Amino acid sequence: MNASSATNSRLTIFCGKGGVGKTSLSLAFALRHADQGEPVLLVTSHPLRELAVSVSLAGLKEQRPLAAANLFIVHIDPLDILANKVRQVVPELLANRVLASPIYGSLITIAPGIKEIAFLGRLHELAEKHSDDTNSREYKLIVWDAPATGHFLQTLKVSQNFEAYLSGPFALLGREVAEFFTEVSNLNLIPVTALEEMAVDETIELCEQLSRELQIIPSALICNMASPLLASSDAEFAKLREEVARAAADSPELKFILNHHAIERALLDKLRTSIGAQVQIVRRKASWNSDVELLTDIAGQLGGIAYT
Amino acid sequence: MHIEVFLGTGGVGKTSVAAASALRAALNGSRSLVLTIDPARRLRTALDMKADGADQRVPLDPACTGELWAAILDVKASLDRAVYRYASSQEAKNILAHPVYHLLITSLAGMQELLAIERIHQAMEDGFESVFIDTAPSRHALEFLDKPEFFAHLVSFPIVKLVGRTYQWWVRSGLGRLSRMSFELYSRVEEMLGATLVHQILDFFSIFRKMAEGYAERAEETLAILRDPKQSSFTIVTTPFKARRDGDYFWGELQKRKFPVGSMVVNRIWPEPAAGAPAGSSQQVQDLVAWYQDVARSHQLVRQEIQSIFGAKIPRLVALPELPGDMDGLHALYEMVKVMEPARDGK
């Protein structure tokens, strides 16, 4: 263990409802820092094959070689972590039989919280840089692209009440994990939301639960896919509305835009009054040719988000 | 009897599309049920859905001969119901009081998926003519189709059967009568997980086994029905931004599992760009309209692209416009049914 070199053990977490853009934002955030030559590790709970379905990094090497050289993406599969643990504890030949036995398979599947502990355990190792893996490098930044709200909360809560059911090596792992994840200063939590009613309600609930049950307060909040008008002040918007009402009573598209935007604005106000964190707005790009182009555009808008 | 399963990633309006499809079936005279996973508050209120997962009838126009029912897919309620129905009353009591039972319900991520299949079976027993099922909003949603089979296979493993059947005896005899290898394996697993947990789980399985076997049997029946294109169809719900990738992914995964894909719905398409900014508008309005037209145009392009990619693979491609966000629950569903009509009646 070389914990002495752990200069920065904060973990940046992008969380929120499914479909609001957590993966794109965490990737963009990681790219922003990798682009400045800082080695960044993005931890995803999506298998890489699924990740590739939602976003492609084709062309990154050619367009942003520095970022490509400093961006590392890893998928943590809890079953692999558990299997490694078994191999560490049990002699090799027997370990293979244990792993292949249906008793192990069914118990691991069914034992509550084990997979979550394994996942958090590995995440913790990476964040504290005390991995047994001798090839592990020094990351300046570790970003966790967390699963959608329900599963995310469930995962974090496991670190609080694992002791009731576990003993043995996994319990030991659980204890370390609990220490890390209940120390609020280790976590840089950034909820992401779209300005849609369901997503906003869920985000407010998520923040309430995080603060009530886990004492975690978000350090910033991102509103993704906003229309370009959202950055304007209320007065500017009112003026614009007036102009449009006068000039374009018969333009359905202008009405659609304003209606759409009025809803966004009301939801943003609701978020601001319910959640104390600084709000960062990310505009919806109208069109783009490649995902790398889109991610670069988003990365450019994340200047207000710090990680230390 | 018709079952329609809706798949899609988060934020695409899957629940609304499922509920509107159920409403549409009811308006056409069917006794229909929509099973939702995590409905928005407004929809929940509009359909008067109860948190305990009970079927709730939604009042429609009295002239309508069909019925619309709605329920939240509730893990605890569905599992409790299955326990009462398939275990003897003493067994049911033991199961329901067991600490592992409560752990299973509250902390096992996959339970919702396992229970969705059981819930479909219950809906069929309840005599619904059409059942519309919302699934978890993620690419993992397909686990709901994988897990029951996994579970069915697991229950049929001889060793699991043996452990289930003989556990009580096993504990009494101090594990002494097991073969050396089984004993060794068992104690290693116990060492990893902790004796208390392993004992509790095995104890639970020994009483839950019969039920689990019953579950596995029903799951196989239900899965066979879901694979039969005469009785079931799968609908991929997506938005313009994700349409191509979601379409490719879900279509491929469903093909692989031999489930019939009936429709793909591209939801929330912005209205086609029209005249542009009125003459004499300020720069800001002109910029805004230009931005809007860019987005709307890209939505139209996606529509054409989807037609050319999936036209030959998926029988029905449906494009639904983005509806104004200030419409509330049931009214919004009626509006959605209205815009669904022309696309679907052509078939």
# chains A, B, ... in the order shown; residues from 1 in each chain; ligands from 1

call {"tool": "interface_residues", "arguments": {"of": "chain B", "to": "chain A", "cutoff": "6 Å", "atoms": "only C-alpha atoms", "output": "list in words"}}
result
Gly10, Gly11, Ala40, Ser107, Leu108, Leu185, Met192, Gly194, Leu197, Asp294 and Val295 of chain B

call {"tool": "residues_around", "arguments": {"residues": "range 292-305 of chain A", "least_positions_apart": "5", "cutoff": "6 Å", "atoms": "only C-alpha atoms", "output": "PyMOL selection string"}}
result
chain A and resi 28-29+32+57

call {"tool": "residues_around", "arguments": {"residues": "range 180-182 of chain A", "least_positions_apart": "3", "cutoff": "12 Å", "atoms": "only C-alpha atoms", "output": "count of residues only"}}
result
38

call {"tool": "select_by_dssp", "arguments": {"residues": "range 62-301 of chain A", "states": "helix (DSSP H, G or I)", "output": "compact mmCIF listing (two decimals) with N, CA and C atoms, in the first residue's frame"}}
result
# COMPACT_ATOMS: atom_id res chain seq x y z
N GLU A 62 -6.85 11.04 -33.58
CA GLU A 62 -6.41 11.95 -34.63
C GLU A 62 -6.67 13.40 -34.24
N GLN A 63 -7.87 13.65 -33.67
CA GLN A 63 -8.24 15.04 -33.41
C GLN A 63 -7.66 15.59 -32.11
N PRO A 65 -4.90 14.15 -29.81
CA PRO A 65 -3.96 13.10 -29.39
C PRO A 65 -3.61 13.16 -27.90
N LEU A 66 -3.47 14.36 -27.34
CA LEU A 66 -3.09 14.48 -25.94
C LEU A 66 -4.19 13.89 -25.05
N ALA A 67 -5.42 14.22 -25.37
CA ALA A 67 -6.55 13.69 -24.61
C ALA A 67 -6.60 12.17 -24.74
N ALA A 68 -6.40 11.69 -25.97
CA ALA A 68 -6.48 10.24 -26.18
C ALA A 68 -5.42 9.52 -25.36
N ALA A 69 -4.23 10.16 -25.22
CA ALA A 69 -3.14 9.51 -24.49
C ALA A 69 -3.37 9.52 -22.99
N ASN A 70 -4.21 10.42 -22.51
CA ASN A 70 -4.39 10.55 -21.07
C ASN A 70 -5.74 10.07 -20.55
N PRO A 78 -18.42 -6.48 -10.96
CA PRO A 78 -18.32 -6.98 -9.60
C PRO A 78 -18.02 -8.48 -9.54
N LEU A 79 -18.55 -9.23 -10.51
CA LEU A 79 -18.32 -10.68 -10.47
C LEU A 79 -16.84 -11.02 -10.66
N ASP A 80 -16.16 -10.23 -11.52
CA ASP A 80 -14.71 -10.44 -11.70
C ASP A 80 -13.96 -10.13 -10.42
N ILE A 81 -14.36 -9.04 -9.77
CA ILE A 81 -13.68 -8.63 -8.53
C ILE A 81 -13.83 -9.72 -7.47
N LEU A 82 -15.05 -10.25 -7.36
CA LEU A 82 -15.31 -11.30 -6.37
C LEU A 82 -14.50 -12.55 -6.70
N ALA A 83 -14.45 -12.88 -7.99
CA ALA A 83 -13.69 -14.06 -8.39
C ALA A 83 -12.21 -13.89 -8.03
N ASN A 84 -11.67 -12.67 -8.22
CA ASN A 84 -10.27 -12.42 -7.86
C ASN A 84 -10.06 -12.61 -6.36
N LYS A 85 -11.02 -12.13 -5.60
CA LYS A 85 -10.93 -12.25 -4.14
C LYS A 85 -10.88 -13.73 -3.75
N VAL A 86 -11.73 -14.52 -4.39
CA VAL A 86 -11.74 -15.96 -4.10
C VAL A 86 -10.37 -16.54 -4.42
N ARG A 87 -9.80 -16.13 -5.57
CA ARG A 87 -8.49 -16.66 -5.96
C ARG A 87 -7.40 -16.27 -4.98
N GLN A 88 -7.56 -15.08 -4.36
CA GLN A 88 -6.55 -14.66 -3.38
C GLN A 88 -6.61 -15.51 -2.12
N VAL A 89 -7.82 -15.90 -1.74
CA VAL A 89 -8.01 -16.55 -0.44
C VAL A 89 -7.88 -18.07 -0.54
N GLU A 92 -5.33 -22.32 -5.72
CA GLU A 92 -5.76 -22.19 -7.10
C GLU A 92 -6.71 -23.28 -7.61
N LEU A 93 -6.30 -24.54 -7.45
CA LEU A 93 -7.12 -25.62 -8.00
C LEU A 93 -8.51 -25.63 -7.41
N LEU A 94 -8.55 -25.45 -6.10
CA LEU A 94 -9.82 -25.45 -5.41
C LEU A 94 -10.64 -24.21 -5.79
N ALA A 95 -9.91 -23.08 -5.97
CA ALA A 95 -10.60 -21.83 -6.32
C ALA A 95 -11.42 -22.02 -7.59
N ASN A 96 -10.82 -22.68 -8.60
CA ASN A 96 -11.55 -22.88 -9.85
C ASN A 96 -12.82 -23.69 -9.63
N ARG A 97 -12.71 -24.68 -8.73
CA ARG A 97 -13.90 -25.50 -8.49
C ARG A 97 -14.95 -24.71 -7.71
N VAL A 98 -14.48 -23.90 -6.79
CA VAL A 98 -15.42 -23.06 -6.04
C VAL A 98 -16.16 -22.15 -7.01
N LEU A 99 -15.38 -21.49 -7.89
CA LEU A 99 -15.99 -20.53 -8.82
C LEU A 99 -16.96 -21.21 -9.78
N ALA A 100 -16.65 -22.46 -10.13
CA ALA A 100 -17.51 -23.15 -11.09
C ALA A 100 -18.73 -23.77 -10.41
N PRO A 102 -22.23 -24.38 -8.65
CA PRO A 102 -23.50 -23.65 -8.62
C PRO A 102 -23.80 -23.08 -7.23
N ILE A 103 -23.25 -23.68 -6.18
CA ILE A 103 -23.49 -23.14 -4.85
C ILE A 103 -22.94 -21.72 -4.79
N TYR A 104 -21.69 -21.57 -5.25
CA TYR A 104 -21.09 -20.24 -5.26
C TYR A 104 -21.90 -19.30 -6.15
N GLY A 105 -22.21 -19.78 -7.36
CA GLY A 105 -22.93 -18.95 -8.32
C GLY A 105 -24.24 -18.44 -7.77
N SER A 106 -25.02 -19.35 -7.16
CA SER A 106 -26.33 -18.93 -6.70
C SER A 106 -26.22 -18.04 -5.47
N LEU A 107 -25.28 -18.35 -4.59
CA LEU A 107 -25.15 -17.52 -3.39
C LEU A 107 -24.67 -16.11 -3.72
N ILE A 108 -23.74 -16.02 -4.65
CA ILE A 108 -23.23 -14.70 -5.03
C ILE A 108 -24.34 -13.88 -5.69
N THR A 109 -25.15 -14.57 -6.50
CA THR A 109 -26.25 -13.86 -7.17
C THR A 109 -27.25 -13.34 -6.15
N ILE A 110 -27.49 -14.14 -5.16
CA ILE A 110 -28.60 -13.85 -4.28
C ILE A 110 -28.19 -13.07 -3.02
N ILE A 114 -23.52 -7.91 -1.90
CA ILE A 114 -22.16 -8.36 -2.17
C ILE A 114 -21.57 -7.73 -3.42
N LYS A 115 -22.36 -7.69 -4.49
CA LYS A 115 -21.85 -7.14 -5.74
C LYS A 115 -21.56 -5.65 -5.58
N GLU A 116 -22.43 -4.97 -4.84
CA GLU A 116 -22.22 -3.54 -4.62
C GLU A 116 -20.94 -3.29 -3.82
N ILE A 117 -20.72 -4.12 -2.80
CA ILE A 117 -19.51 -3.94 -2.00
C ILE A 117 -18.27 -4.19 -2.84
N ALA A 118 -18.34 -5.22 -3.68
CA ALA A 118 -17.20 -5.52 -4.53
C ALA A 118 -16.91 -4.34 -5.46
N PHE A 119 -17.96 -3.78 -6.02
CA PHE A 119 -17.80 -2.64 -6.93
C PHE A 119 -17.17 -1.46 -6.20
N LEU A 120 -17.77 -1.10 -5.05
CA LEU A 120 -17.27 0.05 -4.30
C LEU A 120 -15.85 -0.20 -3.82
N GLY A 121 -15.55 -1.45 -3.48
CA GLY A 121 -14.22 -1.79 -3.00
C GLY A 121 -13.17 -1.47 -4.05
N ARG A 122 -13.45 -1.86 -5.28
CA ARG A 122 -12.51 -1.62 -6.38
C ARG A 122 -12.40 -0.11 -6.66
N LEU A 123 -13.52 0.55 -6.62
CA LEU A 123 -13.55 2.00 -6.86
C LEU A 123 -12.71 2.70 -5.79
N HIS A 124 -12.85 2.25 -4.58
CA HIS A 124 -12.11 2.81 -3.47
C HIS A 124 -10.60 2.60 -3.65
N GLU A 125 -10.23 1.38 -4.05
CA GLU A 125 -8.81 1.09 -4.33
C GLU A 125 -8.25 2.05 -5.35
N LEU A 126 -9.03 2.25 -6.42
CA LEU A 126 -8.56 3.13 -7.50
C LEU A 126 -8.44 4.56 -6.99
N ALA A 127 -9.43 5.00 -6.22
CA ALA A 127 -9.42 6.38 -5.74
C ALA A 127 -8.29 6.63 -4.76
N GLU A 128 -7.98 5.63 -3.95
CA GLU A 128 -6.92 5.80 -2.95
C GLU A 128 -5.56 5.40 -3.50
N THR A 149 -30.38 6.69 -10.83
CA THR A 149 -30.69 7.02 -9.44
C THR A 149 -30.91 5.86 -8.46
N GLY A 150 -31.91 5.03 -8.74
CA GLY A 150 -32.27 3.97 -7.79
C GLY A 150 -31.10 3.07 -7.45
N HIS A 151 -30.46 2.56 -8.48
CA HIS A 151 -29.35 1.64 -8.29
C HIS A 151 -28.16 2.35 -7.64
N PHE A 152 -27.97 3.59 -7.98
CA PHE A 152 -26.88 4.38 -7.42
C PHE A 152 -27.05 4.54 -5.90
N LEU A 153 -28.25 4.93 -5.48
CA LEU A 153 -28.51 5.11 -4.05
C LEU A 153 -28.35 3.79 -3.31
N GLN A 154 -28.88 2.74 -3.93
CA GLN A 154 -28.79 1.42 -3.33
C GLN A 154 -27.33 1.02 -3.14
N THR A 155 -26.51 1.32 -4.16
CA THR A 155 -25.09 0.98 -4.08
C THR A 155 -24.42 1.74 -2.93
N LEU A 156 -24.68 3.04 -2.84
CA LEU A 156 -24.04 3.82 -1.77
C LEU A 156 -24.52 3.39 -0.39
N LYS A 157 -25.80 3.05 -0.30
CA LYS A 157 -26.34 2.69 1.01
C LYS A 157 -25.76 1.38 1.53
N VAL A 158 -25.41 0.50 0.60
CA VAL A 158 -24.84 -0.79 1.00
C VAL A 158 -23.63 -0.57 1.89
N SER A 159 -22.86 0.50 1.60
CA SER A 159 -21.65 0.72 2.37
C SER A 159 -21.98 1.09 3.81
N GLN A 160 -23.24 1.37 4.09
CA GLN A 160 -23.59 1.73 5.47
C GLN A 160 -24.09 0.57 6.30
N ASN A 161 -24.77 -0.39 5.67
CA ASN A 161 -25.39 -1.41 6.51
C ASN A 161 -25.02 -2.84 6.14
N PHE A 162 -23.79 -2.99 5.63
CA PHE A 162 -23.37 -4.33 5.21
C PHE A 162 -23.12 -5.24 6.40
N GLU A 163 -22.77 -4.66 7.56
CA GLU A 163 -22.24 -5.48 8.64
C GLU A 163 -23.24 -6.47 9.23
N ALA A 164 -24.51 -6.15 9.04
CA ALA A 164 -25.52 -7.03 9.60
C ALA A 164 -25.43 -8.45 9.03
N PRO A 169 -13.77 -12.26 4.55
CA PRO A 169 -13.02 -11.30 3.73
C PRO A 169 -13.88 -10.20 3.13
N PHE A 170 -15.11 -10.53 2.73
CA PHE A 170 -15.96 -9.51 2.12
C PHE A 170 -16.37 -8.47 3.15
N ALA A 171 -16.52 -8.90 4.40
CA ALA A 171 -16.89 -7.96 5.44
C ALA A 171 -15.76 -6.97 5.67
N LEU A 172 -14.54 -7.48 5.60
CA LEU A 172 -13.36 -6.63 5.77
C LEU A 172 -13.34 -5.54 4.69
N LEU A 173 -13.60 -6.01 3.48
CA LEU A 173 -13.68 -5.10 2.34
C LEU A 173 -14.78 -4.07 2.61
N GLY A 174 -15.90 -4.54 3.10
CA GLY A 174 -17.04 -3.67 3.40
C GLY A 174 -16.68 -2.57 4.38
N ARG A 175 -15.89 -2.93 5.39
CA ARG A 175 -15.55 -1.95 6.41
C ARG A 175 -14.71 -0.82 5.82
N GLU A 176 -13.72 -1.19 5.00
CA GLU A 176 -12.87 -0.16 4.37
C GLU A 176 -13.70 0.75 3.48
N VAL A 177 -14.59 0.11 2.71
CA VAL A 177 -15.42 0.84 1.78
C VAL A 177 -16.31 1.82 2.53
N ALA A 178 -16.89 1.35 3.63
CA ALA A 178 -17.80 2.20 4.40
C ALA A 178 -17.07 3.44 4.89
N GLU A 179 -15.84 3.25 5.36
CA GLU A 179 -15.07 4.38 5.86
C GLU A 179 -14.87 5.42 4.77
N PHE A 180 -14.51 4.94 3.58
CA PHE A 180 -14.24 5.88 2.50
C PHE A 180 -15.49 6.60 2.04
N PHE A 181 -16.56 5.86 1.83
CA PHE A 181 -17.75 6.47 1.22
C PHE A 181 -18.62 7.23 2.20
N THR A 182 -18.34 7.10 3.49
CA THR A 182 -19.09 7.94 4.42
C THR A 182 -18.31 9.20 4.77
N VAL A 184 -17.44 12.40 3.63
CA VAL A 184 -18.02 13.24 2.60
C VAL A 184 -16.96 13.99 1.78
N SER A 185 -15.85 14.32 2.43
CA SER A 185 -14.84 15.11 1.71
C SER A 185 -14.14 14.29 0.62
N ASN A 186 -14.35 12.98 0.60
CA ASN A 186 -13.76 12.16 -0.46
C ASN A 186 -14.56 12.25 -1.75
N GLU A 197 -39.89 17.58 -16.52
CA GLU A 197 -40.51 17.46 -15.20
C GLU A 197 -40.05 16.24 -14.41
N MET A 198 -40.09 15.07 -15.05
CA MET A 198 -39.75 13.85 -14.31
C MET A 198 -38.32 13.86 -13.83
N ALA A 199 -37.43 14.30 -14.73
CA ALA A 199 -36.01 14.30 -14.39
C ALA A 199 -35.75 15.29 -13.26
N VAL A 200 -36.39 16.44 -13.30
CA VAL A 200 -36.18 17.45 -12.27
C VAL A 200 -36.71 16.96 -10.92
N ASP A 201 -37.91 16.39 -10.92
CA ASP A 201 -38.45 15.86 -9.66
C ASP A 201 -37.54 14.79 -9.08
N GLU A 202 -37.05 13.92 -9.96
CA GLU A 202 -36.20 12.84 -9.48
C GLU A 202 -34.89 13.39 -8.93
N THR A 203 -34.36 14.44 -9.57
CA THR A 203 -33.11 15.04 -9.11
C THR A 203 -33.28 15.66 -7.73
N ILE A 204 -34.41 16.34 -7.54
CA ILE A 204 -34.66 16.97 -6.24
C ILE A 204 -34.77 15.89 -5.16
N GLU A 205 -35.51 14.82 -5.48
CA GLU A 205 -35.63 13.71 -4.53
C GLU A 205 -34.28 13.08 -4.22
N LEU A 206 -33.48 12.89 -5.27
CA LEU A 206 -32.16 12.29 -5.10
C LEU A 206 -31.31 13.13 -4.14
N CYS A 207 -31.30 14.44 -4.35
CA CYS A 207 -30.49 15.32 -3.50
C CYS A 207 -31.00 15.29 -2.06
N GLU A 208 -32.32 15.26 -1.89
CA GLU A 208 -32.87 15.18 -0.53
C GLU A 208 -32.43 13.90 0.16
N GLN A 209 -32.54 12.80 -0.56
CA GLN A 209 -32.16 11.50 0.03
C GLN A 209 -30.68 11.46 0.36
N LEU A 210 -29.85 11.98 -0.57
CA LEU A 210 -28.41 11.97 -0.35
C LEU A 210 -28.05 12.75 0.90
N SER A 211 -28.72 13.89 1.10
CA SER A 211 -28.35 14.70 2.24
C SER A 211 -28.94 14.13 3.53
N ARG A 212 -30.17 13.58 3.44
CA ARG A 212 -30.82 13.06 4.64
C ARG A 212 -30.17 11.76 5.12
N GLU A 213 -29.94 10.84 4.17
CA GLU A 213 -29.52 9.50 4.58
C GLU A 213 -28.01 9.31 4.55
N LEU A 214 -27.33 10.07 3.71
CA LEU A 214 -25.89 9.85 3.59
C LEU A 214 -25.08 11.11 3.89
N PRO A 228 -30.72 27.40 -26.07
CA PRO A 228 -29.74 28.49 -25.93
C PRO A 228 -30.28 29.68 -25.15
N LEU A 229 -31.61 29.76 -25.03
CA LEU A 229 -32.20 30.91 -24.34
C LEU A 229 -32.02 30.86 -22.83
N LEU A 230 -31.70 29.69 -22.29
CA LEU A 230 -31.72 29.52 -20.85
C LEU A 230 -30.71 30.41 -20.15
N ALA A 231 -29.65 30.77 -20.90
CA ALA A 231 -28.62 31.60 -20.29
C ALA A 231 -29.08 33.05 -20.14
N ASP A 234 -34.21 36.74 -16.89
CA ASP A 234 -35.67 36.74 -16.95
C ASP A 234 -36.18 37.96 -17.71
N ALA A 235 -35.52 39.12 -17.49
CA ALA A 235 -35.95 40.35 -18.16
C ALA A 235 -35.78 40.22 -19.67
N GLU A 236 -34.63 39.69 -20.07
CA GLU A 236 -34.38 39.51 -21.51
C GLU A 236 -35.42 38.58 -22.12
N PHE A 237 -35.72 37.52 -21.39
CA PHE A 237 -36.68 36.54 -21.89
C PHE A 237 -38.06 37.17 -22.03
N ALA A 238 -38.45 37.98 -21.03
CA ALA A 238 -39.76 38.63 -21.07
C ALA A 238 -39.87 39.54 -22.30
N LYS A 239 -38.76 40.25 -22.57
CA LYS A 239 -38.74 41.16 -23.71
C LYS A 239 -38.90 40.38 -25.02
N LEU A 240 -38.19 39.30 -25.08
CA LEU A 240 -38.21 38.45 -26.26
C LEU A 240 -39.62 37.90 -26.50
N ARG A 241 -40.22 37.48 -25.41
CA ARG A 241 -41.55 36.91 -25.47
C ARG A 241 -42.55 37.92 -26.05
N GLU A 242 -42.38 39.14 -25.60
CA GLU A 242 -43.24 40.21 -26.06
C GLU A 242 -43.07 40.41 -27.57
N GLU A 243 -41.81 40.46 -27.97
CA GLU A 243 -41.52 40.67 -29.39
C GLU A 243 -42.15 39.56 -30.22
N VAL A 244 -41.98 38.34 -29.76
CA VAL A 244 -42.49 37.21 -30.53
C VAL A 244 -44.01 37.24 -30.56
N ALA A 245 -44.64 37.57 -29.42
CA ALA A 245 -46.10 37.61 -29.37
C ALA A 245 -46.62 38.63 -30.38
N ARG A 246 -45.90 39.73 -30.52
CA ARG A 246 -46.31 40.78 -31.45
C ARG A 246 -46.10 40.35 -32.89
N ALA A 247 -44.91 39.87 -33.17
CA ALA A 247 -44.50 39.65 -34.56
C ALA A 247 -44.98 38.32 -35.13
N PRO A 252 -46.23 28.80 -35.71
CA PRO A 252 -46.29 27.68 -34.76
C PRO A 252 -44.92 27.30 -34.22
N GLU A 253 -43.88 27.47 -35.06
CA GLU A 253 -42.57 27.05 -34.56
C GLU A 253 -42.07 27.97 -33.45
N LEU A 254 -42.32 29.29 -33.62
CA LEU A 254 -41.90 30.21 -32.56
C LEU A 254 -42.67 29.93 -31.27
N LYS A 255 -43.96 29.64 -31.43
CA LYS A 255 -44.76 29.32 -30.24
C LYS A 255 -44.22 28.07 -29.57
N PHE A 256 -43.88 27.08 -30.37
CA PHE A 256 -43.34 25.83 -29.82
C PHE A 256 -42.06 26.11 -29.04
N ILE A 257 -41.17 26.92 -29.63
CA ILE A 257 -39.90 27.21 -28.96
C ILE A 257 -40.14 27.91 -27.63
N LEU A 258 -41.01 28.92 -27.65
CA LEU A 258 -41.22 29.70 -26.43
C LEU A 258 -41.90 28.88 -25.35
N ASN A 259 -42.86 28.09 -25.76
CA ASN A 259 -43.55 27.21 -24.83
C ASN A 259 -42.56 26.26 -24.18
N HIS A 260 -41.78 25.60 -25.03
CA HIS A 260 -40.74 24.68 -24.61
C HIS A 260 -39.80 25.37 -23.62
N HIS A 261 -39.42 26.57 -24.00
CA HIS A 261 -38.46 27.28 -23.18
C HIS A 261 -39.04 27.75 -21.85
N ALA A 262 -40.30 28.18 -21.87
CA ALA A 262 -40.93 28.65 -20.62
C ALA A 262 -40.95 27.51 -19.60
N ILE A 263 -41.20 26.29 -20.07
CA ILE A 263 -41.20 25.13 -19.18
C ILE A 263 -39.80 24.91 -18.60
N GLU A 264 -38.79 24.96 -19.49
CA GLU A 264 -37.40 24.79 -19.03
C GLU A 264 -37.07 25.80 -17.93
N ARG A 265 -37.47 27.06 -18.17
CA ARG A 265 -37.13 28.13 -17.25
C ARG A 265 -37.79 27.91 -15.88
N ALA A 266 -39.07 27.50 -15.92
CA ALA A 266 -39.78 27.25 -14.66
C ALA A 266 -39.11 26.10 -13.89
N LEU A 267 -38.69 25.06 -14.63
CA LEU A 267 -38.05 23.92 -13.97
C LEU A 267 -36.69 24.31 -13.39
N LEU A 268 -35.98 25.19 -14.10
CA LEU A 268 -34.69 25.64 -13.60
C LEU A 268 -34.88 26.40 -12.28
N ASP A 269 -35.92 27.24 -12.24
CA ASP A 269 -36.21 27.98 -11.00
C ASP A 269 -36.50 27.02 -9.86
N LYS A 270 -37.29 26.00 -10.17
CA LYS A 270 -37.65 25.01 -9.16
C LYS A 270 -36.38 24.34 -8.61
N LEU A 271 -35.48 23.97 -9.53
CA LEU A 271 -34.22 23.33 -9.11
C LEU A 271 -33.42 24.27 -8.21
N ARG A 272 -33.34 25.53 -8.65
CA ARG A 272 -32.53 26.50 -7.91
C ARG A 272 -33.06 26.70 -6.50
N THR A 273 -34.39 26.72 -6.36
CA THR A 273 -34.92 26.94 -5.02
C THR A 273 -34.83 25.68 -4.15
N SER A 274 -34.80 24.49 -4.78
CA SER A 274 -34.78 23.27 -3.98
C SER A 274 -33.37 22.80 -3.65
N ASP A 291 -19.32 12.09 -32.40
CA ASP A 291 -19.46 12.18 -30.95
C ASP A 291 -18.32 12.98 -30.34
N VAL A 292 -17.12 12.84 -30.92
CA VAL A 292 -15.98 13.57 -30.38
C VAL A 292 -16.25 15.08 -30.48
N GLU A 293 -16.84 15.49 -31.59
CA GLU A 293 -17.20 16.90 -31.76
C GLU A 293 -18.20 17.33 -30.68
N LEU A 294 -19.20 16.49 -30.45
CA LEU A 294 -20.21 16.81 -29.43
C LEU A 294 -19.57 16.89 -28.04
N LEU A 295 -18.73 15.88 -27.72
CA LEU A 295 -18.10 15.85 -26.39
C LEU A 295 -17.19 17.06 -26.19
N THR A 296 -16.48 17.45 -27.25
CA THR A 296 -15.60 18.61 -27.14
C THR A 296 -16.42 19.87 -26.87
N ASP A 297 -17.58 19.96 -27.54
CA ASP A 297 -18.46 21.11 -27.32
C ASP A 297 -18.93 21.13 -25.86
N ILE A 298 -19.34 19.97 -25.34
CA ILE A 298 -19.80 19.91 -23.95
C ILE A 298 -18.65 20.24 -22.99
N ALA A 299 -17.47 19.65 -23.27
CA ALA A 299 -16.32 19.87 -22.39
C ALA A 299 -16.03 21.36 -22.25

call {"tool": "residues_around", "arguments": {"residues": "Ile190 in chain A", "least_positions_apart": "5", "cutoff": "8 Å", "atoms": "only C-alpha atoms", "output": "list of chain:residue names"}}
result
A:Thr12, A:Ile13, A:Phe14, A:Cys15, A:Pro218, A:Ser219, A:Ala220, A:Leu221, A:Ile222

call {"tool": "write_last_selection", "arguments": {"atoms": "C-alpha atoms", "output": "PDB file, in the first residue's frame"}}
result
ATOM      1  CA  THR A  12     -15.960  12.793  -8.924  1.00  0.00           C
ATOM      2  CA  ILE A  13     -19.365  11.193  -9.376  1.00  0.00           C
ATOM      3  CA  PHE A  14     -21.874  11.968 -12.124  1.00  0.00           C
ATOM      4  CA  CYS A  15     -25.276  10.684 -11.078  1.00  0.00           C
ATOM      5  CA  PRO A 218     -23.732  17.952  -4.271  1.00  0.00           C
ATOM      6  CA  SER A 219     -20.896  20.261  -5.229  1.00  0.00           C
ATOM      7  CA  ALA A 220     -22.539  21.322  -8.492  1.00  0.00           C
ATOM      8  CA  LEU A 221     -25.606  20.515 -10.537  1.00  0.00           C
ATOM      9  CA  ILE A 222     -25.648  20.201 -14.333  1.00  0.00           C
TER      10      ILE A 222
END

call {"tool": "select_by_dssp", "arguments": {"residues": "range 144-238 of chain A", "states": "strand (DSSP E or B)", "output": "number ranges by chain"}}
result
A: 144-145, 187-194, 220-226

call {"tool": "closest_residue", "arguments": {"among": "B:Gly66, B:Pro321, B:Gly127, B:Gly329", "to": "Thr15 in chain B", "atoms": "only C-alpha atoms"}}
result
B:Gly329

call {"tool": "residues_around", "arguments": {"residues": "Arg119 in chain B", "least_positions_apart": "4", "cutoff": "7 Å", "atoms": "only C-alpha atoms", "output": "PyMOL selection string"}}
result
chain B and resi 78+115+123

call {"tool": "residues_around", "arguments": {"residues": "Leu7 in chain B", "least_positions_apart": "2", "cutoff": "8 Å", "atoms": "only C-alpha atoms", "output": "list in words"}}
result
Val5, Thr9, Lys14, Asp134, Thr135, Ala136, Pro137, Ala141, Phe234, Thr235, Ile236, Val237 and Phe250 of chain B

call {"tool": "residues_around", "arguments": {"residues": "Arg227 in chain B", "least_positions_apart": "5", "cutoff": "8 Å", "atoms": "only C-alpha atoms", "output": "list in words"}}
result
Ser232, Lys258, Phe259 and Pro260 of chain B

call {"tool": "atom_distance", "arguments": {"atom1": "CA of Ser88 in chain B", "atom2": "CA of Asp55 in chain B"}}
result
24.8 Å
